[in-house]
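Visitor: My structure is stored as run_3.cif, with mmCIF, C-alpha atoms (C1' of nucleotides).
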data_start
loop_
_atom_site.label_atom_id
_atom_site.label_comp_id
_atom_site.auth_asym_id
_atom_site.auth_seq_id
_atom_site.Cartn_x
_atom_site.Cartn_y
_atom_site.Cartn_z
CA MET A 1 9.42 -4.21 1.74
CA VAL A 2 10.79 -7.13 3.66
CA SER A 3 12.08 -5.47 6.80
CA LYS A 4 15.68 -6.29 7.46
CA GLY A 5 15.49 -7.64 11.00
CA ALA A 6 12.90 -9.82 12.66
CA HIS A 7 10.16 -8.02 14.53
CA PRO A 8 11.15 -7.29 18.08
CA PRO A 9 9.42 -9.44 20.67
CA GLU A 10 6.61 -10.22 18.22
CA SER A 11 4.04 -10.16 20.95
CA ALA A 12 0.62 -11.36 19.95
CA THR A 13 -0.76 -7.85 19.99
CA LEU A 14 -4.30 -7.89 18.79
CA SER A 15 -5.02 -5.11 16.42
CA ARG A 16 -7.48 -3.38 18.67
CA LEU A 17 -10.08 -3.34 15.95
CA VAL A 18 -12.75 -5.05 17.97
CA LEU A 19 -14.59 -2.98 20.52
CA PRO A 20 -15.37 -4.82 23.74
CA GLY A 21 -18.73 -3.17 24.25
CA ASP A 22 -20.38 -5.03 27.09
CA ARG A 23 -20.01 -8.50 25.68
CA PRO A 24 -18.30 -11.35 27.53
CA GLU A 25 -14.55 -11.16 27.49
CA HIS A 26 -13.98 -14.58 25.96
CA LEU A 27 -16.29 -13.77 23.09
CA VAL A 28 -14.44 -10.55 22.39
CA ALA A 29 -11.16 -12.45 22.49
CA PHE A 30 -12.46 -14.95 19.98
CA GLU A 31 -13.74 -12.22 17.68
CA SER A 32 -10.49 -10.34 17.93
CA GLN A 33 -8.50 -13.37 16.90
CA MET A 34 -10.80 -14.03 14.02
CA VAL A 35 -10.70 -10.45 12.82
CA ASP A 36 -6.95 -10.46 13.06
CA PHE A 37 -6.73 -13.66 11.12
CA PHE A 38 -8.41 -12.02 8.18
CA VAL A 39 -6.76 -8.67 8.63
CA GLU A 40 -3.39 -10.36 8.48
CA ALA A 41 -4.32 -11.97 5.21
CA ALA A 42 -5.77 -8.76 3.82
CA ASP A 43 -2.57 -7.54 2.30
CA LEU A 44 -1.96 -10.78 0.47
CA LEU A 45 -5.52 -10.82 -0.79
CA GLY A 46 -5.32 -7.22 -1.85
CA VAL A 47 -8.21 -5.88 0.18
CA PRO A 48 -8.17 -3.03 2.70
CA LYS A 49 -7.97 -3.97 6.34
CA SER A 50 -11.38 -2.61 7.11
CA VAL A 51 -12.93 -4.99 4.63
CA ALA A 52 -11.09 -7.92 6.10
CA ALA A 53 -12.12 -6.85 9.57
CA ILE A 54 -15.76 -6.72 8.60
CA TYR A 55 -15.58 -10.14 7.09
CA GLY A 56 -13.86 -11.39 10.21
CA ILE A 57 -16.47 -10.07 12.59
CA ILE A 58 -19.24 -11.56 10.51
CA PHE A 59 -17.41 -14.86 10.28
CA ALA A 60 -16.96 -14.91 14.04
CA SER A 61 -20.65 -14.57 14.70
CA PRO A 62 -22.87 -17.63 14.61
CA GLN A 63 -25.82 -15.30 14.17
CA PRO A 64 -26.12 -13.04 11.15
CA LEU A 65 -25.16 -9.49 11.98
CA SER A 66 -26.86 -6.26 11.12
CA PHE A 67 -25.15 -3.15 9.86
CA ALA A 68 -25.54 -1.56 13.27
CA GLU A 69 -24.06 -4.52 15.07
CA ILE A 70 -21.06 -4.59 12.80
CA GLU A 71 -20.54 -0.92 13.32
CA SER A 72 -20.77 -1.25 17.05
CA ARG A 73 -18.42 -4.22 17.33
CA LEU A 74 -15.68 -2.74 15.20
CA ASP A 75 -13.82 0.48 15.64
CA ILE A 76 -14.55 1.54 12.11
CA SER A 77 -16.60 4.37 10.68
CA LYS A 78 -20.07 3.99 9.31
CA GLY A 79 -18.82 4.92 5.87
CA SER A 80 -16.25 2.18 5.89
CA VAL A 81 -18.78 -0.35 7.04
CA SER A 82 -21.04 0.60 4.17
CA GLN A 83 -18.28 0.39 1.61
CA GLY A 84 -16.86 -2.76 3.08
CA LEU A 85 -20.19 -4.52 3.01
CA ARG A 86 -20.64 -3.53 -0.58
CA VAL A 87 -17.31 -5.01 -1.58
CA LEU A 88 -17.99 -8.18 0.33
CA ARG A 89 -21.40 -8.56 -1.25
CA GLU A 90 -20.00 -7.91 -4.69
CA VAL A 91 -17.42 -10.63 -4.43
CA GLY A 92 -19.90 -12.97 -2.86
CA ALA A 93 -18.09 -13.28 0.44
CA ILE A 94 -21.21 -12.61 2.44
CA LYS A 95 -24.89 -12.91 1.82
CA GLU A 96 -27.89 -11.12 3.19
CA VAL A 97 -30.49 -13.01 5.08
CA SER A 98 -33.73 -11.33 6.01
CA GLY A 99 -34.35 -11.45 9.70
CA GLU A 100 -37.51 -13.31 10.65
CA THR A 101 -39.46 -10.13 11.05
CA ASP A 102 -38.97 -7.69 8.21
CA ARG A 103 -36.30 -5.79 10.10
CA ALA A 104 -33.00 -4.70 8.67
CA GLU A 105 -30.83 -6.89 6.46
CA LEU A 106 -28.56 -9.28 8.26
CA PHE A 107 -25.23 -10.50 6.96
CA THR A 108 -23.66 -13.88 7.24
CA PRO A 109 -20.66 -15.40 5.50
CA ASP A 110 -21.40 -17.04 2.20
CA LEU A 111 -19.63 -20.25 2.95
CA GLU A 112 -19.06 -21.06 -0.68
CA MET A 113 -15.41 -20.47 -0.12
CA ARG A 114 -14.60 -22.38 -3.23
CA LYS A 115 -16.29 -19.71 -5.31
CA LEU A 116 -14.67 -16.99 -3.29
CA ILE A 117 -11.24 -18.39 -3.90
CA ALA A 118 -11.91 -19.10 -7.54
CA ARG A 119 -13.04 -15.55 -7.93
CA PHE A 120 -9.95 -14.30 -6.20
CA LEU A 121 -7.68 -16.28 -8.50
CA GLU A 122 -9.75 -15.10 -11.39
CA ASN A 123 -9.57 -11.43 -10.55
CA ARG A 124 -6.25 -10.79 -8.99
CA LEU A 125 -4.09 -13.32 -10.74
CA ASN A 126 -5.70 -13.69 -14.12
CA LYS A 127 -5.92 -9.96 -14.50
CA GLN A 128 -2.25 -9.71 -13.67
CA LEU A 129 -1.39 -12.40 -16.16
CA ASP A 130 -3.38 -10.79 -18.92
CA ALA A 131 -1.69 -7.48 -18.38
CA GLY A 132 1.60 -9.32 -18.47
CA SER A 133 0.74 -11.02 -21.75
CA SER A 134 0.09 -7.82 -23.53
CA ARG A 135 3.27 -6.25 -22.22
CA LEU A 136 5.23 -9.25 -23.38
CA THR A 137 3.77 -8.96 -26.84
CA THR A 138 4.75 -5.33 -27.00
CA LEU A 139 8.21 -6.19 -25.78
CA GLN A 140 8.50 -8.83 -28.46
CA LYS A 141 7.84 -6.19 -31.07
CA ALA A 142 10.21 -3.73 -29.49
CA LEU A 143 13.05 -6.23 -29.57
CA PRO A 144 16.01 -5.06 -31.64
CA ALA A 145 16.03 -7.20 -34.74
CA SER A 146 19.78 -7.25 -35.17
CA ARG A 147 21.83 -10.40 -34.74
CA SER A 148 24.36 -8.78 -32.44
CA ALA A 149 25.36 -10.64 -29.32
CA ASP A 150 23.54 -8.02 -27.29
CA ALA A 151 20.32 -8.46 -29.18
CA GLU A 152 20.71 -12.17 -28.73
CA VAL A 153 20.92 -11.78 -24.97
CA LEU A 154 17.76 -9.74 -24.91
CA ARG A 155 15.96 -12.23 -27.08
CA GLU A 156 16.96 -14.95 -24.64
CA ARG A 157 15.80 -13.01 -21.64
CA LEU A 158 12.49 -12.22 -23.16
CA LYS A 159 12.06 -15.85 -24.04
CA SER A 160 12.74 -16.83 -20.48
CA LEU A 161 10.24 -14.30 -19.25
CA GLN A 162 7.64 -15.65 -21.61
CA ALA A 163 8.32 -19.19 -20.54
CA TRP A 164 7.78 -18.32 -16.90
CA HIS A 165 4.73 -16.34 -17.71
CA SER A 166 3.21 -19.21 -19.53
CA LYS A 167 4.09 -21.60 -16.72
CA ALA A 168 2.32 -19.34 -14.30
CA ARG A 169 -0.72 -19.36 -16.50
CA GLN A 170 -0.73 -23.11 -16.67
CA LEU A 171 -0.39 -23.28 -12.94
CA LEU A 172 -3.65 -21.48 -12.30
CA PRO A 173 -5.95 -24.26 -13.50
CA VAL A 174 -3.81 -26.79 -11.69
CA ALA A 175 -4.28 -24.85 -8.50
CA LYS A 176 -7.99 -24.55 -9.08
CA ALA A 177 -8.33 -28.24 -9.70
CA PHE A 178 -6.32 -29.02 -6.62
CA LEU A 179 -8.43 -26.81 -4.44
CA LYS A 180 -11.56 -28.31 -5.87
CA LEU A 181 -10.75 -31.54 -4.05
CA SER A 182 -11.56 -29.56 -1.01
CA PRO A 183 -13.82 -28.99 1.92
CA ARG A 184 -16.98 -26.95 1.68
CA MET B 1 -9.27 -1.84 -3.21
CA VAL B 2 -10.71 -3.12 -6.42
CA SER B 3 -11.82 0.08 -8.11
CA LYS B 4 -15.43 0.01 -9.00
CA GLY B 5 -15.34 0.73 -12.70
CA ALA B 6 -12.91 -0.34 -15.39
CA HIS B 7 -10.09 2.07 -16.06
CA PRO B 8 -11.09 4.64 -18.64
CA PRO B 9 -9.60 4.14 -22.09
CA GLU B 10 -6.77 2.09 -20.57
CA SER B 11 -4.21 3.61 -22.90
CA ALA B 12 -0.79 2.01 -22.81
CA THR B 13 0.66 4.91 -20.88
CA LEU B 14 4.22 4.13 -19.93
CA SER B 15 5.01 5.03 -16.40
CA ARG B 16 7.56 7.67 -17.30
CA LEU B 17 10.13 6.06 -15.06
CA VAL B 18 12.78 5.69 -17.71
CA LEU B 19 14.73 8.81 -18.64
CA PRO B 20 15.49 9.09 -22.35
CA GLY B 21 18.92 10.62 -21.84
CA ASP B 22 20.54 10.65 -25.25
CA ARG B 23 20.01 7.01 -26.06
CA PRO B 24 18.25 5.78 -29.19
CA GLU B 25 14.53 6.05 -29.03
CA HIS B 26 13.80 2.40 -29.71
CA LEU B 27 16.09 1.34 -26.89
CA VAL B 28 14.34 3.64 -24.48
CA ALA B 29 11.01 2.26 -25.62
CA PHE B 30 12.19 -1.27 -24.98
CA GLU B 31 13.52 -0.38 -21.56
CA SER B 32 10.32 1.42 -20.66
CA GLN B 33 8.23 -1.58 -21.54
CA MET B 34 10.48 -3.85 -19.55
CA VAL B 35 10.47 -1.58 -16.53
CA ASP B 36 6.71 -1.31 -16.70
CA PHE B 37 6.37 -5.05 -16.94
CA PHE B 38 8.06 -5.44 -13.60
CA VAL B 39 6.53 -2.36 -12.05
CA GLU B 40 3.11 -3.73 -12.87
CA ALA B 41 3.95 -6.95 -11.10
CA ALA B 42 5.48 -5.16 -8.13
CA ASP B 43 2.31 -4.93 -6.16
CA LEU B 44 1.57 -8.62 -6.50
CA LEU B 45 5.10 -9.49 -5.52
CA GLY B 46 5.00 -7.12 -2.59
CA VAL B 47 7.97 -4.95 -3.52
CA PRO B 48 8.04 -1.17 -3.97
CA LYS B 49 7.87 0.12 -7.50
CA SER B 50 11.32 1.57 -7.38
CA VAL B 51 12.78 -1.84 -6.71
CA ALA B 52 10.86 -3.35 -9.57
CA ALA B 53 11.97 -0.53 -11.83
CA ILE B 54 15.60 -1.09 -10.98
CA TYR B 55 15.28 -4.77 -11.68
CA GLY B 56 13.56 -3.95 -14.95
CA ILE B 57 16.24 -1.61 -16.18
CA ILE B 58 18.94 -4.11 -15.33
CA PHE B 59 17.00 -6.88 -16.99
CA ALA B 60 16.59 -4.77 -20.12
CA SER B 61 20.32 -4.24 -20.49
CA PRO B 62 22.43 -6.90 -22.18
CA GLN B 63 25.45 -5.34 -20.51
CA PRO B 64 25.76 -5.22 -16.74
CA LEU B 65 24.93 -1.78 -15.41
CA SER B 66 26.76 0.33 -12.89
CA PHE B 67 25.12 2.20 -10.05
CA ALA B 68 25.62 5.44 -11.94
CA GLU B 69 24.05 4.11 -15.12
CA ILE B 70 21.03 2.85 -13.26
CA GLU B 71 20.62 6.19 -11.57
CA SER B 72 20.90 8.04 -14.85
CA ARG B 73 18.47 5.84 -16.75
CA LEU B 74 15.73 5.94 -14.15
CA ASP B 75 13.97 8.89 -12.65
CA ILE B 76 14.71 7.74 -9.15
CA SER B 77 16.83 9.17 -6.38
CA LYS B 78 20.28 7.94 -5.50
CA GLY B 79 19.00 6.81 -2.12
CA SER B 80 16.33 4.65 -3.68
CA VAL B 81 18.79 3.15 -6.09
CA SER B 82 21.05 2.22 -3.22
CA GLN B 83 18.24 0.69 -1.19
CA GLY B 84 16.74 -1.01 -4.19
CA LEU B 85 20.02 -2.61 -5.16
CA ARG B 86 20.46 -3.87 -1.64
CA VAL B 87 17.07 -5.53 -1.64
CA LEU B 88 17.67 -7.07 -5.02
CA ARG B 89 21.04 -8.41 -3.97
CA GLU B 90 19.61 -9.78 -0.74
CA VAL B 91 16.94 -11.77 -2.48
CA GLY B 92 19.37 -12.90 -5.14
CA ALA B 93 17.59 -11.22 -8.02
CA ILE B 94 20.76 -9.63 -9.32
CA LYS B 95 24.43 -10.36 -8.98
CA GLU B 96 27.51 -8.21 -9.12
CA VAL B 97 30.09 -8.78 -11.76
CA SER B 98 33.37 -6.95 -11.54
CA GLY B 99 34.07 -4.95 -14.64
CA GLU B 100 37.20 -6.04 -16.49
CA THR B 101 39.24 -3.24 -15.04
CA ASP B 102 38.82 -2.75 -11.32
CA ARG B 103 36.18 -0.11 -11.79
CA ALA B 104 32.85 0.05 -9.98
CA GLU B 105 30.61 -2.95 -9.43
CA LEU B 106 28.31 -3.83 -12.26
CA PHE B 107 24.92 -5.46 -11.86
CA THR B 108 23.24 -8.04 -13.99
CA PRO B 109 20.16 -10.17 -13.40
CA ASP B 110 20.80 -13.42 -11.65
CA LEU B 111 18.93 -15.54 -14.10
CA GLU B 112 18.30 -18.29 -11.62
CA MET B 113 14.68 -17.34 -11.69
CA ARG B 114 13.77 -20.65 -10.24
CA LYS B 115 15.50 -19.70 -7.03
CA LEU B 116 13.99 -16.27 -7.09
CA ILE B 117 10.51 -17.66 -7.37
CA ALA B 118 11.13 -20.34 -4.80
CA ARG B 119 12.36 -17.70 -2.44
CA PHE B 120 9.32 -15.60 -3.12
CA LEU B 121 6.97 -18.46 -2.35
CA GLU B 122 9.04 -19.21 0.69
CA ASN B 123 8.97 -15.71 2.09
CA ARG B 124 5.71 -14.21 1.21
CA LEU B 125 3.44 -17.22 1.22
CA ASN B 126 5.02 -19.49 3.75
CA LYS B 127 5.35 -16.68 6.20
CA GLN B 128 1.71 -15.88 5.70
CA LEU B 129 0.73 -19.48 6.21
CA ASP B 130 2.77 -19.80 9.37
CA ALA B 131 1.19 -16.73 10.85
CA GLY B 132 -2.16 -18.19 9.91
CA SER B 133 -1.38 -21.48 11.61
CA SER B 134 -0.63 -19.89 14.88
CA ARG B 135 -3.74 -17.76 14.76
CA LEU B 136 -5.80 -20.82 14.02
CA THR B 137 -4.34 -22.60 17.00
CA THR B 138 -5.20 -19.68 19.22
CA LEU B 139 -8.69 -19.59 17.78
CA GLN B 140 -9.08 -23.27 18.47
CA LYS B 141 -8.32 -22.61 22.11
CA ALA B 142 -10.60 -19.60 22.26
CA LEU B 143 -13.49 -21.62 20.90
CA PRO B 144 -16.43 -21.76 23.33
CA ALA B 145 -16.58 -25.29 24.67
CA SER B 146 -20.34 -25.43 25.05
CA ARG B 147 -22.49 -27.69 22.93
CA SER B 148 -24.95 -24.98 22.02
CA ALA B 149 -25.99 -24.69 18.39
CA ASP B 150 -24.07 -21.44 18.20
CA ALA B 151 -20.89 -22.99 19.45
CA GLU B 152 -21.41 -25.77 16.96
CA VAL B 153 -21.58 -23.30 14.10
CA LEU B 154 -18.35 -21.69 15.17
CA ARG B 155 -16.64 -25.03 15.49
CA GLU B 156 -17.73 -25.85 11.98
CA ARG B 157 -16.48 -22.58 10.59
CA LEU B 158 -13.16 -22.90 12.24
CA LYS B 159 -12.86 -26.42 10.89
CA SER B 160 -13.54 -25.16 7.41
CA LEU B 161 -10.95 -22.45 7.82
CA GLN B 162 -8.43 -24.99 8.95
CA ALA B 163 -9.20 -27.26 6.05
CA TRP B 164 -8.61 -24.48 3.56
CA HIS B 165 -5.52 -23.41 5.30
CA SER B 166 -4.09 -26.86 5.16
CA LYS B 167 -5.04 -27.20 1.49
CA ALA B 168 -3.18 -24.01 0.76
CA ARG B 169 -0.16 -25.38 2.53
CA GLN B 170 -0.27 -28.55 0.53
CA LEU B 171 -0.58 -26.55 -2.63
CA LEU B 172 2.73 -24.81 -2.15
CA PRO B 173 4.95 -27.83 -2.78
CA VAL B 174 2.74 -28.81 -5.68
CA ALA B 175 3.30 -25.41 -7.20
CA LYS B 176 7.00 -25.61 -6.58
CA ALA B 177 7.23 -28.98 -8.21
CA PHE B 178 5.22 -27.81 -11.14
CA LEU B 179 7.41 -24.80 -11.68
CA LYS B 180 10.47 -26.95 -11.39
CA LEU B 181 9.60 -28.53 -14.74
CA SER B 182 10.50 -25.19 -16.11
CA PRO B 183 12.86 -23.12 -18.20
CA ARG B 184 16.11 -21.76 -16.87
"C1'" DG C 1 47.55 12.37 4.71
"C1'" DG C 2 44.41 14.97 1.72
"C1'" DT C 3 40.93 15.24 -1.34
"C1'" DA C 4 37.80 13.74 -4.68
"C1'" DT C 5 34.36 10.07 -5.96
"C1'" DA C 6 30.94 6.48 -5.01
"C1'" DG C 7 27.69 4.59 -2.10
"C1'" DT C 8 24.91 4.39 2.26
"C1'" DT C 9 21.96 5.96 5.83
"C1'" DC C 10 18.08 7.85 7.80
"C1'" DA C 11 15.06 11.85 9.18
"C1'" DA C 12 11.92 14.52 6.69
"C1'" DT C 13 8.79 14.69 2.90
"C1'" DT C 14 5.76 13.02 -0.54
"C1'" DT C 15 2.43 10.08 -2.29
"C1'" DG C 16 -1.42 7.30 -2.82
"C1'" DA C 17 -4.67 4.50 -0.66
"C1'" DA C 18 -7.72 3.84 3.22
"C1'" DT C 19 -10.67 5.95 6.24
"C1'" DT C 20 -13.63 9.32 8.10
"C1'" DG C 21 -17.70 12.05 8.73
"C1'" DA C 22 -21.09 15.03 7.38
"C1'" DA C 23 -24.42 15.79 3.83
"C1'" DA C 24 -27.46 13.51 0.65
"C1'" DT C 25 -30.36 9.77 -0.31
"C1'" DT C 26 -33.24 5.97 0.40
"C1'" DA C 27 -36.38 3.08 2.98
"C1'" DC C 28 -39.93 2.64 6.50
"C1'" DG C 29 -43.48 3.23 9.86
"C1'" DC C 30 -47.13 6.03 10.92
"C1'" DG D 1 -47.15 12.39 2.43
"C1'" DC D 2 -44.27 13.27 6.62
"C1'" DG D 3 -40.79 12.43 9.81
"C1'" DT D 4 -37.35 9.38 11.44
"C1'" DA D 5 -33.87 6.10 11.05
"C1'" DA D 6 -30.76 3.45 8.16
"C1'" DT D 7 -27.55 3.48 4.57
"C1'" DT D 8 -24.78 5.48 0.88
"C1'" DT D 9 -21.83 8.79 -1.15
"C1'" DC D 10 -17.84 11.37 -1.68
"C1'" DA D 11 -14.73 15.40 -0.53
"C1'" DA D 12 -11.56 16.07 3.02
"C1'" DT D 13 -8.45 13.90 6.18
"C1'" DT D 14 -5.42 10.57 7.99
"C1'" DC D 15 -2.08 7.16 7.74
"C1'" DA D 16 1.41 4.03 6.28
"C1'" DA D 17 4.70 3.11 3.02
"C1'" DA D 18 7.79 4.76 -0.47
"C1'" DT D 19 10.85 8.12 -1.79
"C1'" DT D 20 13.95 11.86 -1.40
"C1'" DG D 21 18.09 14.30 -0.38
"C1'" DA D 22 21.52 15.99 2.47
"C1'" DA D 23 24.86 14.49 5.76
"C1'" DC D 24 27.83 10.87 6.46
"C1'" DT D 25 31.12 6.96 5.60
"C1'" DA D 26 34.08 4.24 2.82
"C1'" DT D 27 37.19 3.89 -1.01
"C1'" DA D 28 40.46 5.20 -4.49
"C1'" DC D 29 43.79 8.06 -6.34
"C1'" DC D 30 47.54 11.31 -6.00
#
Show this structure as structure tokens.
Guide:
Amino acid sequence: MVSKGAHPPESATLSRLVLPGDRPEHLVAFESQMVDFFVEAADLLGVPKSVAAIYGIIFASPQPLSFAEIESRLDISKGSVSQGLRVLREVGAIKEVSGETDRAELFTPDLEMRKLIARFLENRLNKQLDAGSSRLTTLQKALPASRSADAEVLRERLKSLQAWHSKARQLLPVAKAFLKLSPR
Amino acid sequence: MVSKGAHPPESATLSRLVLPGDRPEHLVAFESQMVDFFVEAADLLGVPKSVAAIYGIIFASPQPLSFAEIESRLDISKGSVSQGLRVLREVGAIKEVSGETDRAELFTPDLEMRKLIARFLENRLNKQLDAGSSRLTTLQKALPASRSADAEVLRERLKSLQAWHSKARQLLPVAKAFLKLSPR
DNA sequence: GGTATAGTTCAATTTGAATTGAAATTACGC
DNA sequence: GCGTAATTTCAATTCAAATTGAACTATACC
């Protein structure tokens, strides 16, 4: 819910997700900010924080990271790292690169953000819209057929709902097209 | 998280939020569908289900509803109804109309959906974007100044992030304008 | 003013999703 | 193949957010 008052002093508290380890302070600060950037967006994007954090730590590293490194840099369980990496691979947010020697898999962001975003719109929004469509159809059928004033009101409201729904649907491709004019 | 497999038979199970009471079956069916329509969207919109349900039941009624009627039609506690109505009033999703006699307040949807949606974009998305902006600024400052290849990579990534962020910001007004060409 | 009725508040509880961690599995080097 | 390390799986746990409900406040009626 939208909390009633503004947050208190709104200090820039970092979410304490990044473990300092023995790395240089400024690096840790950078990573923390990056992780927080994605963690903050996590809710909007509909992914768990841990997943966002993993993406963030990978994104903040110029060098591909191994499973172990991710685990050690984040205060997150091994299980979560495993699951998080799976999700990120599935949606194409990261890719595996084989280290020079045949050592463990290394992960680096798949910078095809365009695809990522397209996929996000696809999944989260389109799915939502489809579900909405079918509900609207059902509602249409469930509408009282009478010509009473009441029935008329309902018919109007449903119509309005449908109109908005269809607008939203039309907006998706517009948004996609717009974003296509975009950076890498 | 995005559950791994598709939902099983995906039957059109209504969420059992609407209490039949002694009203005609077809009406209850209609209300249930309407409530579910909004409840389904609740997550995307970032409101609790109970709030969505309350909006749904009000939207499904041609006649303005009283507090008591809302409470009796939904399987939801009095406290939730009270809180839910407050939220809905605050965001302008419903309005109070005084019943002819001086009886209790009655609630009806404020059909200015355009405003509702604008406000939603405003709150949820703009807020998100603003938070993002400030994080990006901080990140900019935290960026290692060296000209190493690694630093270069990070600078590039940050740039890309900023570009997307700014695209998203530009998209908002486009979306607003687009929706403005819309029904009531 | 007294009492019943309607609505609000908020601490305690419930709920559902995210996370953990330990056991099971897989992959690897020898 | 055998043992070790890396990763996955999933039941149990934790955690945050939503919901409840009982005490409280405001309002209306006599």
Visitor: I would like the residues chosen by the PyMOL selection byres ((chain D) within 10 of (chain A)) on the shown file; could you give them as a ChimeraX atom specification?
Guide: /D:6-10,17-18
Visitor: What gap, in Å, lies between atom C1' of DA28 of chain D and atom CA of Val97 of chain B?
Guide: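 Atom C1' of DA28 of chain D sits 18.9 Å away from atom CA of Val97 of chain B.
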Visitor: Tell me, counting all atoms listed in the file, for each residue of chain B within 9 Å of chain A, which pair of atoms is nearest and how far apart they are in Å to one decimal, in rows ordered by chain and increasing number, as CSV.
Guide:
residue,atom,partner,partner_atom,distance
B:Met1,CA,A:Val47,CA,5.4
B:Val2,CA,A:Val47,CA,7.6
B:His26,CA,A:Ala142,CA,7.1
B:Leu27,CA,A:Pro144,CA,8.0
B:Ala29,CA,A:Ala142,CA,7.2
B:Phe30,CA,A:Ala142,CA,5.5
B:Glu31,CA,A:Leu139,CA,8.9
B:Gln33,CA,A:Leu139,CA,6.3
B:Met34,CA,A:Leu139,CA,7.0
B:Asp36,CA,A:Arg135,CA,8.2
B:Phe37,CA,A:Arg135,CA,6.2
B:Phe38,CA,A:Gly132,CA,9.0
B:Glu40,CA,A:Gly132,CA,8.1
B:Ala41,CA,A:Gln128,CA,7.3
B:Leu44,CA,A:Leu44,CA,8.1
B:Gly46,CA,A:Met1,CA,6.8
B:Val47,CA,A:Met1,CA,5.5
B:Pro48,CA,A:Met1,CA,6.6
B:Phe59,CA,A:Arg157,CA,7.8
B:Ala60,CA,A:Leu154,CA,7.0
B:Ser61,CA,A:Leu154,CA,7.5
B:Pro62,CA,A:Asp150,CA,5.3
B:Gln63,CA,A:Asp150,CA,7.5
B:Val87,CA,A:Val2,CA,8.4
B:Leu111,CA,A:Arg157,CA,8.5
B:Met113,CA,A:Trp164,CA,8.7
B:Asn123,CA,A:Val2,CA,8.9
B:Arg124,CA,A:Leu44,CA,8.4
B:Leu125,CA,A:Leu44,CA,8.4
B:Gln128,CA,A:Ala41,CA,7.2
B:Ala131,CA,A:Glu40,CA,8.2
B:Gly132,CA,A:Phe37,CA,6.5
B:Arg135,CA,A:Phe37,CA,6.2
B:Leu136,CA,A:Phe37,CA,7.8
B:Thr138,CA,A:Gln33,CA,7.5
B:Leu139,CA,A:Gln33,CA,6.3
B:Lys141,CA,A:Phe30,CA,9.0
B:Ala142,CA,A:Phe30,CA,5.5
B:Leu143,CA,A:Phe30,CA,6.8
B:Pro144,CA,A:Leu27,CA,8.0
B:Ala149,CA,A:Pro62,CA,8.6
B:Asp150,CA,A:Pro62,CA,5.4
B:Ala151,CA,A:Pro62,CA,7.5
B:Glu152,CA,A:Pro62,CA,8.6
B:Val153,CA,A:Pro62,CA,5.8
B:Leu154,CA,A:Pro62,CA,6.1
B:Arg157,CA,A:Phe59,CA,7.8
B:Ser160,CA,A:Pro183,CA,6.7
B:Ala163,CA,A:Pro183,CA,6.4
B:Trp164,CA,A:Pro183,CA,7.1
B:Lys167,CA,A:Leu179,CA,6.8
B:Ala168,CA,A:Leu179,CA,7.9
B:Leu171,CA,A:Ala175,CA,7.1
B:Val174,CA,A:Ala175,CA,8.5
B:Ala175,CA,A:Leu171,CA,7.1
B:Phe178,CA,A:Leu171,CA,7.4
B:Leu179,CA,A:Lys167,CA,6.8
B:Ser182,CA,A:Lys167,CA,7.4
B:Pro183,CA,A:Ala163,CA,6.4
B:Arg184,CA,A:Ser160,CA,7.0
Visitor: If the PyMOL selection byres ((chain D and resi 20) around 10) were run on this exact file, what residues would it hold? Put them as a PyMOL selection string.
Guide: (chain B and resi 76-80) or (chain C and resi 12-14) or (chain D and resi 18-19+21-22)
Visitor: For chain C against chain B, with a cut-off of 12 Å and counting all atoms listed in the file, what is the closest atom pair and its distance in Å to one decimal for every residue that makes the cut, ordered by chain and number, as CSV?
Guide:
residue,atom,partner,partner_atom,distance
C:DT5,C1',B:Ala104,CA,10.9
C:DA6,C1',B:Ala104,CA,8.3
C:DG7,C1',B:Ser82,CA,7.1
C:DT8,C1',B:Ser82,CA,7.0
C:DT9,C1',B:Gly79,CA,8.5
C:DC10,C1',B:Gly79,CA,10.0
C:DA17,C1',B:Met1,CA,8.2
C:DA18,C1',B:Met1,CA,8.7
Visitor: Starting from the shown file, work through the PyMOL selection byres ((chain D and resi 14) around 10) and note down what comes out as a list in words.
Guide: DA18, DT19 and DT20 of chain C; DA12, DT13, DC15 and DA16 of chain D
Visitor: Pick out the closest residue to Asp75 of chain A from this set: A:Leu88, A:Ile54, A:Ala118, A:Ala145. Count all atoms listed in the file.
Guide: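 Closest residue, counting all atoms listed in the file: A:Ile54.
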Visitor: Which value, in Å to one decimal, gives the distance between atom CA of Ala93 of chain B and atom CA of Pro20 of chain B?
Guide: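 Distance between the two atoms: 24.9 Å.
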Visitor: Can you put N, CA and C atoms back into segment 152-156 of chain A and show it as an mmCIF file, in the coordinates of the input?
Guide:
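Output file rebuild_36.cif follows:
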data_model
loop_
_atom_site.group_PDB
_atom_site.id
_atom_site.type_symbol
_atom_site.label_atom_id
_atom_site.label_comp_id
_atom_site.auth_asym_id
_atom_site.auth_seq_id
_atom_site.Cartn_x
_atom_site.Cartn_y
_atom_site.Cartn_z
ATOM 1 N N GLU A 152 20.932 -10.765 -29.032
ATOM 2 C CA GLU A 152 20.710 -12.170 -28.730
ATOM 3 C C GLU A 152 20.382 -12.365 -27.244
ATOM 4 N N VAL A 153 21.152 -11.699 -26.412
ATOM 5 C CA VAL A 153 20.920 -11.780 -24.970
ATOM 6 C C VAL A 153 19.496 -11.344 -24.639
ATOM 7 N N LEU A 154 19.105 -10.245 -25.204
ATOM 8 C CA LEU A 154 17.760 -9.740 -24.910
ATOM 9 C C LEU A 154 16.700 -10.715 -25.384
ATOM 10 N N ARG A 155 16.932 -11.267 -26.566
ATOM 11 C CA ARG A 155 15.960 -12.230 -27.080
ATOM 12 C C ARG A 155 15.827 -13.408 -26.111
ATOM 13 N N GLU A 156 16.959 -13.852 -25.615
ATOM 14 C CA GLU A 156 16.960 -14.950 -24.640
ATOM 15 C C GLU A 156 16.192 -14.600 -23.380
#
